[in-house]
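File shown: structure_37.cif (mmCIF, C-alpha atoms).
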data_protein
loop_
_atom_site.group_PDB
_atom_site.id
_atom_site.type_symbol
_atom_site.label_atom_id
_atom_site.label_comp_id
_atom_site.auth_asym_id
_atom_site.auth_seq_id
_atom_site.Cartn_x
_atom_site.Cartn_y
_atom_site.Cartn_z
ATOM 1 C CA MET J 1 35.338 -14.142 11.537
ATOM 2 C CA ALA J 2 35.094 -11.246 13.993
ATOM 3 C CA ALA J 3 32.015 -11.057 16.194
ATOM 4 C CA ILE J 4 29.747 -8.178 15.151
ATOM 5 C CA SER J 5 28.443 -6.363 18.232
ATOM 6 C CA ALA J 6 25.408 -4.128 18.458
ATOM 7 C CA LYS J 7 27.707 -1.208 19.326
ATOM 8 C CA MET J 8 29.680 -1.704 16.090
ATOM 9 C CA VAL J 9 26.459 -1.642 14.088
ATOM 10 C CA LYS J 10 25.319 1.478 15.982
ATOM 11 C CA ASP J 11 28.628 3.254 15.407
ATOM 12 C CA LEU J 12 28.615 2.481 11.684
ATOM 13 C CA ARG J 13 25.054 3.676 11.389
ATOM 14 C CA GLU J 14 25.949 6.984 13.064
ATOM 15 C CA VAL J 15 28.863 7.469 10.660
ATOM 16 C CA THR J 16 26.999 6.604 7.453
ATOM 17 C CA GLY J 17 23.320 7.026 8.245
ATOM 18 C CA ALA J 18 22.616 3.685 6.548
ATOM 19 C CA GLY J 19 20.021 1.229 7.877
ATOM 20 C CA MET J 20 20.758 -1.163 10.727
ATOM 21 C CA MET J 21 20.567 -4.308 8.597
ATOM 22 C CA ASP J 22 22.732 -2.750 5.892
ATOM 23 C CA CYS J 23 25.338 -1.802 8.509
ATOM 24 C CA LYS J 24 25.356 -5.312 9.936
ATOM 25 C CA LYS J 25 25.727 -6.784 6.445
ATOM 26 C CA ALA J 26 28.619 -4.409 5.687
ATOM 27 C CA LEU J 27 30.460 -5.285 8.902
ATOM 28 C CA THR J 28 29.967 -8.984 8.308
ATOM 29 C CA ALA J 29 31.259 -8.706 4.745
ATOM 30 C CA THR J 30 34.367 -6.790 5.883
ATOM 31 C CA ASP J 31 35.093 -8.902 8.996
ATOM 32 C CA GLY J 32 34.285 -6.024 11.350
ATOM 33 C CA ASP J 33 36.653 -3.496 9.736
ATOM 34 C CA MET J 34 34.908 -0.123 10.230
ATOM 35 C CA ASP J 35 36.737 1.734 7.430
ATOM 36 C CA LYS J 36 36.148 -1.047 4.921
ATOM 37 C CA ALA J 37 32.521 -1.257 6.029
ATOM 38 C CA VAL J 38 32.086 2.441 5.255
ATOM 39 C CA GLU J 39 33.622 1.838 1.815
ATOM 40 C CA PHE J 40 31.345 -1.166 1.335
ATOM 41 C CA LEU J 41 28.273 0.977 2.023
ATOM 42 C CA ARG J 42 29.498 3.780 -0.212
ATOM 43 C CA GLU J 43 30.168 1.356 -3.052
ATOM 44 C CA LYS J 44 26.654 -0.004 -2.696
ATOM 45 C CA GLY J 45 25.293 3.536 -2.656
ATOM 46 C CA LEU J 46 23.733 2.993 0.754
ATOM 47 C CA ALA J 47 25.629 5.723 2.586
ATOM 48 C CA ALA J 48 24.796 8.248 -0.116
ATOM 49 C CA ALA J 49 21.168 7.244 -0.051
ATOM 50 C CA ALA J 50 20.977 7.697 3.707
ATOM 51 C CA LYS J 51 21.899 11.388 3.456
ATOM 52 C CA LYS J 52 18.782 11.901 1.368
ATOM 53 C CA ALA J 53 16.476 9.788 3.514
ATOM 54 C CA GLY J 54 14.914 12.814 5.216
ATOM 55 C CA ARG J 55 13.781 14.365 1.963
ATOM 56 C CA ILE J 56 10.315 13.919 0.518
ATOM 57 C CA ALA J 57 9.918 12.312 -2.907
ATOM 58 C CA THR J 58 6.504 13.266 -4.294
ATOM 59 C CA GLU J 59 7.291 13.594 -7.996
ATOM 60 C CA GLY J 60 8.147 10.669 -10.281
ATOM 61 C CA ILE J 61 6.145 8.542 -12.680
ATOM 62 C CA VAL J 62 3.609 5.750 -12.907
ATOM 63 C CA TYR J 63 4.636 3.014 -15.340
ATOM 64 C CA ALA J 64 2.707 0.054 -16.780
ATOM 65 C CA LEU J 65 3.991 -3.187 -18.247
ATOM 66 C CA VAL J 66 1.708 -5.710 -19.985
ATOM 67 C CA GLU J 67 2.796 -9.179 -21.127
ATOM 68 C CA ASP J 68 0.792 -11.039 -23.799
ATOM 69 C CA ASP J 69 -2.371 -9.055 -22.947
ATOM 70 C CA LYS J 70 -2.775 -11.375 -19.930
ATOM 71 C CA LYS J 71 -0.389 -10.249 -17.203
ATOM 72 C CA ALA J 72 0.255 -6.650 -16.170
ATOM 73 C CA THR J 73 1.813 -4.486 -13.500
ATOM 74 C CA LEU J 74 1.354 -0.845 -12.550
ATOM 75 C CA VAL J 75 4.109 0.740 -10.450
ATOM 76 C CA GLU J 76 4.754 4.168 -8.973
ATOM 77 C CA VAL J 77 8.353 5.260 -8.410
ATOM 78 C CA ASN J 78 8.901 8.666 -6.829
ATOM 79 C CA SER J 79 11.644 11.249 -7.150
ATOM 80 C CA GLU J 80 12.106 14.621 -5.480
ATOM 81 C CA THR J 81 11.782 16.727 -8.623
ATOM 82 C CA ASP J 82 9.890 16.675 -11.887
ATOM 83 C CA PHE J 83 13.234 17.288 -13.626
ATOM 84 C CA VAL J 84 14.502 13.855 -12.556
ATOM 85 C CA ALA J 85 11.133 12.263 -13.387
ATOM 86 C CA LYS J 86 11.730 13.290 -17.014
ATOM 87 C CA ASN J 87 15.322 11.971 -16.986
ATOM 88 C CA ALA J 88 15.935 9.051 -19.390
ATOM 89 C CA ASP J 89 18.112 7.212 -16.856
ATOM 90 C CA PHE J 90 15.381 7.428 -14.210
ATOM 91 C CA GLN J 91 12.724 6.269 -16.673
ATOM 92 C CA ALA J 92 14.878 3.307 -17.737
ATOM 93 C CA TYR J 93 15.266 2.387 -14.061
ATOM 94 C CA VAL J 94 11.477 2.521 -13.549
ATOM 95 C CA ALA J 95 11.074 0.142 -16.506
ATOM 96 C CA GLU J 96 13.460 -2.263 -14.735
ATOM 97 C CA VAL J 97 11.395 -1.937 -11.549
ATOM 98 C CA ALA J 98 8.255 -2.876 -13.518
ATOM 99 C CA ALA J 99 10.055 -5.903 -14.967
ATOM 100 C CA GLN J 100 10.713 -6.889 -11.329
ATOM 101 C CA THR J 101 7.224 -6.188 -9.954
ATOM 102 C CA ILE J 102 5.320 -8.052 -12.685
ATOM 103 C CA HIS J 103 6.720 -11.371 -11.418
ATOM 104 C CA SER J 104 6.699 -10.478 -7.713
ATOM 105 C CA GLU J 105 4.243 -11.867 -5.178
ATOM 106 C CA ASN J 106 5.026 -9.164 -2.627
ATOM 107 C CA GLU J 107 2.776 -6.293 -3.702
ATOM 108 C CA ALA J 108 1.220 -6.232 -0.237
ATOM 109 C CA ASN J 109 4.607 -6.301 1.520
ATOM 110 C CA MET J 110 7.009 -3.645 0.271
ATOM 111 C CA ASP J 111 9.725 -4.648 2.748
ATOM 112 C CA ALA J 112 9.697 -8.184 1.361
ATOM 113 C CA PHE J 113 9.765 -6.814 -2.177
ATOM 114 C CA LEU J 114 12.797 -4.630 -1.404
ATOM 115 C CA ALA J 115 14.570 -7.701 -0.005
ATOM 116 C CA GLU J 116 14.099 -9.652 -3.271
ATOM 117 C CA SER J 117 17.067 -10.359 -5.501
ATOM 118 C CA TRP J 118 17.273 -7.661 -8.198
ATOM 119 C CA ASN J 119 16.552 -9.330 -11.548
ATOM 120 C CA ALA J 120 18.751 -6.938 -13.514
ATOM 121 C CA ASP J 121 21.729 -7.765 -11.249
ATOM 122 C CA PRO J 122 21.205 -10.760 -8.904
ATOM 123 C CA THR J 123 24.243 -9.755 -6.821
ATOM 124 C CA MET J 124 22.064 -6.991 -5.331
ATOM 125 C CA THR J 125 18.689 -6.792 -3.651
ATOM 126 C CA VAL J 126 15.978 -4.461 -4.941
ATOM 127 C CA ALA J 127 16.799 -2.099 -2.049
ATOM 128 C CA GLU J 128 20.507 -2.071 -2.890
ATOM 129 C CA ALA J 129 19.794 -1.385 -6.560
ATOM 130 C CA LEU J 130 17.539 1.487 -5.500
ATOM 131 C CA SER J 131 20.250 2.948 -3.271
ATOM 132 C CA ALA J 132 22.792 2.627 -6.064
ATOM 133 C CA LYS J 133 20.466 4.563 -8.382
ATOM 134 C CA VAL J 134 20.041 7.244 -5.700
ATOM 135 C CA ALA J 135 23.820 7.660 -5.602
ATOM 136 C CA ILE J 136 23.937 8.100 -9.385
ATOM 137 C CA ILE J 137 20.951 10.422 -9.795
ATOM 138 C CA GLY J 138 21.556 12.440 -6.635
ATOM 139 C CA GLU J 139 17.975 12.579 -5.365
ATOM 140 C CA LYS J 140 15.934 10.516 -2.982
ATOM 141 C CA LEU J 141 13.986 7.890 -4.942
ATOM 142 C CA SER J 142 11.248 5.644 -3.629
ATOM 143 C CA ILE J 143 9.406 2.610 -4.985
ATOM 144 C CA ARG J 144 6.081 3.550 -3.459
ATOM 145 C CA ARG J 145 3.633 0.871 -4.621
ATOM 146 C CA PHE J 146 2.666 -1.556 -7.338
ATOM 147 C CA VAL J 147 -0.254 -3.776 -8.278
ATOM 148 C CA ASN J 148 -0.395 -6.813 -10.554
ATOM 149 C CA MET J 149 -3.276 -8.166 -12.640
ATOM 150 C CA THR J 150 -3.691 -11.491 -14.408
ATOM 151 C CA ALA J 151 -6.575 -12.173 -16.797
ATOM 152 C CA GLU J 152 -7.215 -15.913 -17.023
ATOM 153 C CA ASP J 153 -10.170 -15.624 -19.398
ATOM 154 C CA GLY J 154 -9.815 -12.218 -21.003
ATOM 155 C CA CYS J 155 -7.225 -9.482 -21.219
ATOM 156 C CA VAL J 156 -5.650 -6.521 -19.464
ATOM 157 C CA VAL J 157 -4.925 -3.146 -21.051
ATOM 158 C CA SER J 158 -2.991 -0.175 -19.717
ATOM 159 C CA TYR J 159 -3.142 3.556 -20.236
ATOM 160 C CA ILE J 160 -0.564 6.132 -19.171
ATOM 161 C CA HIS J 161 -1.457 9.817 -19.184
ATOM 162 C CA GLY J 162 0.703 12.914 -18.998
ATOM 163 C CA GLY J 163 4.043 11.169 -19.388
ATOM 164 C CA GLY J 164 3.428 9.041 -16.301
ATOM 165 C CA ARG J 165 1.387 11.412 -14.135
ATOM 166 C CA ILE J 166 -1.579 8.989 -14.151
ATOM 167 C CA GLY J 167 -1.636 5.268 -14.901
ATOM 168 C CA VAL J 168 -4.515 2.809 -15.296
ATOM 169 C CA LEU J 169 -4.863 -0.953 -15.635
ATOM 170 C CA LEU J 170 -8.221 -2.312 -16.812
ATOM 171 C CA GLN J 171 -9.132 -6.002 -16.855
ATOM 172 C CA ALA J 172 -11.990 -7.563 -18.798
ATOM 173 C CA LYS J 173 -13.502 -10.996 -19.349
ATOM 174 C CA THR J 174 -13.918 -11.799 -23.054
ATOM 175 C CA ASP J 175 -13.634 -14.769 -25.406
ATOM 176 C CA VAL J 176 -12.276 -12.531 -28.162
ATOM 177 C CA VAL J 177 -9.102 -10.490 -27.762
ATOM 178 C CA ASN J 178 -8.428 -8.504 -30.908
ATOM 179 C CA GLU J 179 -7.468 -4.933 -31.781
ATOM 180 C CA GLU J 180 -11.097 -3.770 -31.714
ATOM 181 C CA VAL J 181 -11.620 -5.125 -28.217
ATOM 182 C CA LYS J 182 -8.324 -3.724 -26.933
ATOM 183 C CA GLU J 183 -9.038 -0.319 -28.452
ATOM 184 C CA ALA J 184 -12.434 -0.206 -26.718
ATOM 185 C CA LEU J 185 -10.890 -1.157 -23.384
ATOM 186 C CA LYS J 186 -8.136 1.425 -23.893
ATOM 187 C CA ASN J 187 -10.839 4.061 -24.432
ATOM 188 C CA ILE J 188 -12.462 3.065 -21.141
ATOM 189 C CA ALA J 189 -9.080 3.089 -19.376
ATOM 190 C CA MET J 190 -8.681 6.679 -20.609
ATOM 191 C CA GLN J 191 -12.058 7.416 -19.031
ATOM 192 C CA VAL J 192 -10.828 6.005 -15.717
ATOM 193 C CA ALA J 193 -7.794 8.293 -15.908
ATOM 194 C CA ALA J 194 -9.903 11.353 -16.690
ATOM 195 C CA LEU J 195 -12.989 10.905 -14.499
ATOM 196 C CA LYS J 196 -11.520 8.965 -11.562
ATOM 197 C CA PRO J 197 -14.406 6.585 -10.735
ATOM 198 C CA MET J 198 -14.433 5.087 -7.252
ATOM 199 C CA TYR J 199 -16.097 1.779 -8.171
ATOM 200 C CA LEU J 200 -16.469 -0.511 -11.173
ATOM 201 C CA ASN J 201 -20.226 -0.946 -10.654
ATOM 202 C CA ARG J 202 -22.868 -0.569 -7.956
ATOM 203 C CA SER J 203 -22.257 -4.043 -6.522
ATOM 204 C CA GLU J 204 -18.902 -2.776 -5.222
ATOM 205 C CA VAL J 205 -20.473 0.082 -3.247
ATOM 206 C CA SER J 206 -20.462 -0.756 0.439
ATOM 207 C CA GLN J 207 -23.677 -0.758 2.446
ATOM 208 C CA GLU J 208 -21.873 1.316 5.048
ATOM 209 C CA TRP J 209 -21.213 4.073 2.488
ATOM 210 C CA LEU J 210 -24.829 3.983 1.299
ATOM 211 C CA GLU J 211 -26.241 4.264 4.816
ATOM 212 C CA LYS J 212 -23.906 7.126 5.707
ATOM 213 C CA GLU J 213 -24.750 8.967 2.495
ATOM 214 C CA LYS J 214 -28.483 8.490 3.092
ATOM 215 C CA GLU J 215 -28.054 9.907 6.589
ATOM 216 C CA ILE J 216 -26.235 13.010 5.333
ATOM 217 C CA LEU J 217 -28.576 13.630 2.402
ATOM 218 C CA THR J 218 -31.685 13.117 4.536
ATOM 219 C CA VAL J 219 -30.615 15.890 6.906
ATOM 220 C CA ALA J 220 -29.811 18.144 3.917
ATOM 221 C CA ALA J 221 -33.201 17.414 2.288
ATOM 222 C CA LYS J 222 -35.116 18.159 5.513
ATOM 223 C CA ASN J 223 -33.268 21.458 5.840
ATOM 224 C CA GLU J 224 -34.221 22.336 2.260
ATOM 225 C CA LYS J 225 -37.870 21.336 2.638
ATOM 226 C CA PRO J 226 -38.928 21.755 6.277
ATOM 227 C CA GLY J 227 -42.162 19.927 7.013
ATOM 228 C CA ALA J 228 -41.999 17.701 3.911
ATOM 229 C CA ASN J 229 -43.327 14.175 4.468
ATOM 230 C CA ASP J 230 -41.071 11.112 4.559
ATOM 231 C CA LYS J 231 -42.033 10.006 1.027
ATOM 232 C CA ILE J 232 -40.891 13.291 -0.500
ATOM 233 C CA ILE J 233 -37.664 13.308 1.539
ATOM 234 C CA SER J 234 -36.936 9.684 0.612
ATOM 235 C CA GLY J 235 -37.479 10.461 -3.065
ATOM 236 C CA MET J 236 -35.087 13.429 -2.886
ATOM 237 C CA VAL J 237 -32.453 11.335 -1.135
ATOM 238 C CA MET J 238 -32.618 8.381 -3.528
ATOM 239 C CA GLY J 239 -32.548 10.706 -6.531
ATOM 240 C CA ARG J 240 -29.355 12.321 -5.276
ATOM 241 C CA ILE J 241 -27.735 8.983 -4.422
ATOM 242 C CA ASN J 242 -28.495 7.672 -7.914
ATOM 243 C CA LYS J 243 -26.945 10.811 -9.388
ATOM 244 C CA GLU J 244 -23.816 10.318 -7.257
ATOM 245 C CA LEU J 245 -23.546 6.655 -8.248
ATOM 246 C CA LYS J 246 -23.625 7.635 -11.922
ATOM 247 C CA ASP J 247 -20.493 9.667 -11.229
ATOM 248 C CA PHE J 248 -18.773 7.188 -8.903
ATOM 249 C CA CYS J 249 -19.401 3.912 -10.786
ATOM 250 C CA LEU J 250 -17.457 3.429 -14.020
ATOM 251 C CA VAL J 251 -20.113 1.492 -15.962
ATOM 252 C CA ASP J 252 -22.775 4.109 -15.097
ATOM 253 C CA GLN J 253 -20.696 7.100 -16.179
ATOM 254 C CA VAL J 254 -21.491 8.802 -19.462
ATOM 255 C CA TYR J 255 -18.915 7.573 -21.956
ATOM 256 C CA VAL J 256 -16.599 10.525 -22.648
ATOM 257 C CA LYS J 257 -16.554 9.865 -26.407
ATOM 258 C CA ALA J 258 -20.324 9.390 -26.677
ATOM 259 C CA GLU J 259 -21.604 11.285 -29.718
ATOM 260 C CA ASP J 260 -24.996 11.929 -28.139
ATOM 261 C CA GLY J 261 -23.546 12.832 -24.741
ATOM 262 C CA LYS J 262 -25.818 10.244 -23.124
ATOM 263 C CA GLN J 263 -24.397 6.789 -23.873
ATOM 264 C CA THR J 264 -23.015 5.164 -20.724
ATOM 265 C CA VAL J 265 -19.823 3.105 -20.522
ATOM 266 C CA ASP J 266 -21.990 0.017 -20.035
ATOM 267 C CA LYS J 267 -23.951 0.718 -23.244
ATOM 268 C CA TYR J 268 -20.747 1.494 -25.160
ATOM 269 C CA LEU J 269 -19.331 -1.859 -24.074
ATOM 270 C CA ALA J 270 -22.561 -3.604 -25.142
ATOM 271 C CA GLN J 271 -22.211 -1.936 -28.560
ATOM 272 C CA VAL J 272 -18.637 -3.198 -28.951
ATOM 273 C CA SER J 273 -19.638 -6.663 -27.701
ATOM 274 C CA LYS J 274 -22.293 -6.875 -30.424
ATOM 275 C CA ALA J 275 -19.787 -5.767 -33.059
ATOM 276 C CA VAL J 276 -17.178 -8.410 -32.169
ATOM 277 C CA GLY J 277 -19.685 -11.190 -31.503
ATOM 278 C CA THR J 278 -18.917 -11.882 -27.835
ATOM 279 C CA LYS J 279 -19.797 -10.380 -24.471
ATOM 280 C CA ILE J 280 -17.142 -8.177 -22.881
ATOM 281 C CA THR J 281 -17.414 -7.716 -19.108
ATOM 282 C CA LEU J 282 -15.240 -5.338 -17.101
ATOM 283 C CA THR J 283 -13.880 -7.129 -14.024
ATOM 284 C CA LYS J 284 -11.360 -4.831 -12.376
ATOM 285 C CA PHE J 285 -9.502 -1.548 -12.663
ATOM 286 C CA VAL J 286 -6.814 0.311 -10.751
ATOM 287 C CA ARG J 287 -5.762 3.938 -11.095
ATOM 288 C CA PHE J 288 -2.529 5.463 -9.761
ATOM 289 C CA GLU J 289 -1.791 9.176 -9.732
ATOM 290 C CA THR J 290 1.756 10.220 -8.940
ATOM 291 C CA GLY J 291 2.090 11.581 -5.427
ATOM 292 C CA GLU J 292 -1.616 11.256 -4.549
ATOM 293 C CA GLY J 293 -2.152 11.298 -0.808
ATOM 294 C CA MET J 294 1.414 12.418 -0.134
ATOM 295 C CA GLU J 295 2.214 15.705 1.545
ATOM 296 C CA LYS J 296 4.515 17.842 -0.555
ATOM 297 C CA LYS J 297 7.259 19.625 1.335
ATOM 298 C CA GLU J 298 7.607 23.314 0.511
ATOM 299 C CA GLU J 299 11.278 24.241 0.407
ATOM 300 C CA ASN J 300 12.846 27.695 0.583
ATOM 301 C CA PHE J 301 15.455 27.575 -2.189
ATOM 302 C CA ALA J 302 17.872 29.984 -0.488
ATOM 303 C CA GLU J 303 17.657 28.054 2.782
ATOM 304 C CA GLU J 304 18.232 24.753 0.948
ATOM 305 C CA VAL J 305 21.382 26.114 -0.762
ATOM 306 C CA ALA J 306 22.681 27.506 2.517
ATOM 307 C CA LYS J 307 22.004 24.184 4.243
ATOM 308 C CA GLN J 308 23.940 22.264 1.594
ATOM 309 C CA MET J 309 26.875 24.706 1.890
ATOM 310 C CA GLY J 310 26.906 24.341 5.669
ATOM 311 C CA MET J 311 26.111 28.029 6.248
#

Now, as a test, write the supplied structure out as structure tokens.
Amino acid sequence: MAAISAKMVKDLREVTGAGMMDCKKALTATDGDMDKAVEFLREKGLAAAAKKAGRIATEGIVYALVEDDKKATLVEVNSETDFVAKNADFQAYVAEVAAQTIHSENEANMDAFLAESWNADPTMTVAEALSAKVAIIGEKLSIRRFVNMTAEDGCVVSYIHGGGRIGVLLQAKTDVVNEEVKEALKNIAMQVAALKPMYLNRSEVSQEWLEKEKEILTVAAKNEKPGANDKIISGMVMGRINKELKDFCLVDQVYVKAEDGKQTVDKYLAQVSKAVGTKITLTKFVRFETGEGMEKKEENFAEEVAKQMGM
């Protein structure tokens, strides 16, 4: 077995653009033969993927997988274009990613997740399978994030909006899990997708946020009513904070399907609980929106074509 030097790894990386660890693995597998190592990386799709590493993938889809109403995963996989996001091959790949994430314990460590053995083909890691898919599809792809939920004493439902633009998982504690309960929770998950609450209920609101908001609103109230006494200012501030919390907290929001336009999510859930004969309590939710928080790169099409043609 030939000794693999740092210079050999560096040289291979410069030739292929692949990652350092991938280059070392390729050289080890080919006994230090540079040409065979390049072929090794190309076969794995790693060299092809490297050429696209500088691009920005902000499109893609959010995908949910739920097993037995108890265990669920929500994953976001990005592509460069909306065209690829709608591609059946890409969507099938995202489903395979979800089948991987739902049994993974590495949601907080994406590097460790990418190093896992790929369930669909154990001869590859998750990262290698991703690179192979990049080579086939021809765009930079990225497994951005995922979150798992497990309901020990209730259930989890999912809702996907806009073909994968927005995804929601909602977990509830309940002794009864039937179609009526799941339909009610699905309705609330749709509300999460549409109205984007920040918190489940007021107990989740941090004291730090409350104090900062009081500070800001107090200054605003004093500017509106110069000379007003502290009691009036305090009343104005608390009234505005309560109004904000009704928007920010899911259970305090007006239920979007309320016939009277007044019923809150909490009261809707109490109504369903009475109908099914058991208390239903929301315990957790997560909402992903494709590309949120990512900076989209504006490309000049003519410049991009010229760049690809080497002009």

So, with only C-alpha atoms as the atoms that count, which of J:His103, J:Lys44, J:Lys182, J:Lys86 lies closest to J:Met149?
J:His103

Taking the file as shown, what set of residues would the PyMOL selection byres ((chain J and resi 38) around 9) give back, as a ChimeraX atom specification?
/J:12,15-16,23,26-27,33-37,39-43,47

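With only C-alpha atoms as the basis for measurement, J:Lys173 is the residue among J:Lys262, J:Lys222, J:Arg202, J:Lys173 that approaches J:Thr283 most closely.
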
Spatial neighbours of J:Ala64, 9 Å, only C-alpha atoms, chain gap at least 3 places, as a PyMOL selection string:
chain J and resi 72-75+95+98+158-160+167-169

Shell of 12 Å around stretch 122-135 of chain J, all atoms listed in the file, local chain residues under 3 positions omitted, as a PyMOL selection string:
chain J and resi 18-19+21-22+25+40-53+57+77-80+84+89-94+96-101+104+110-119+138-144

Looking at J:Lys267, J:Glu213, J:Thr150, J:Asp175, which one is nearest to J:Lys284, with distances taken over only C-alpha atoms?
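Checking each of J:Lys267, J:Glu213, J:Thr150, J:Asp175 against J:Lys284, counting only C-alpha atoms, the winner is J:Thr150.
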
For a quick check of understanding, using only C-alpha atoms, which of J:Asn148, J:Lys7, J:Thr28, J:Ile216 has the smallest distance to J:Glu67?
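Of the candidates, the smallest distance to J:Glu67 is held by J:Asn148.
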
Just the number, please: distance in Å from atom CA of J:Ser273 to atom CA of J:Glu183, one decimal.
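About the pair atom CA of J:Ser273 and atom CA of J:Glu183: they are 12.4 Å apart.
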
Interatomic distance, atom CA of J:Ile137 to atom CA of J:Glu107 (Å, one decimal):
25.4 Å

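A straight line drawn from atom CA of J:Ala194 to atom CA of J:Val256 is 9.0 Å long.
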
Proximity to J:Leu195 - best of J:Leu210, J:Val265, J:Val66, J:Val176, all atoms listed in the file
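The shortest atom-to-atom distance to J:Leu195 comes from J:Val265.
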
Write out as a ChimeraX atom specification the residues lying within 10 Å of J:Met238, counting all atoms listed in the file and excluding same-chain residues fewer than 6 positions away.
/J:213-214,217-218,244

For those residues, write C-alpha atoms to a file as a PDB file, in the coordinates of the input.
ATOM      1  CA  GLU J 213     -24.750   8.967   2.495  1.00  0.00           C
ATOM      2  CA  LYS J 214     -28.483   8.490   3.092  1.00  0.00           C
ATOM      3  CA  LEU J 217     -28.576  13.630   2.402  1.00  0.00           C
ATOM      4  CA  THR J 218     -31.685  13.117   4.536  1.00  0.00           C
ATOM      5  CA  GLU J 244     -23.816  10.318  -7.257  1.00  0.00           C
TER       6      GLU J 244
END

Hey, which of J:Glu211, J:Val237, J:Ala220, J:Thr58 ends up closest to J:Met294? Count only C-alpha atoms.
J:Thr58

Just the residues within 12 Å of J:Asp153, please, counting all atoms listed in the file, with nothing from its chain fewer than 6 positions along; format it as JSON, numbers by chain.
{"J": [69, 70, 71, 171, 172, 173, 174, 175, 176, 177, 280, 281, 282, 283]}

For the provided coordinates, the residues matched by the PyMOL selection byres ((chain J and resi 204) around 12) should be stated as a PyMOL selection string.
chain J and resi 197-203+205-210+245+248-251+283-284

Residues within 12 Å of (-22.5, -3.8, -30.0), file coordinates, counting all atoms listed in the file: what are they? Give the list as a list in words.
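Those within range, by chain then number, are Glu180, Val181, Ala184, Asp266, Lys267, Tyr268, Leu269, Ala270, Gln271, Val272, Ser273, Lys274, Ala275, Val276, Gly277, Thr278, Lys279 and Ile280 of chain J.
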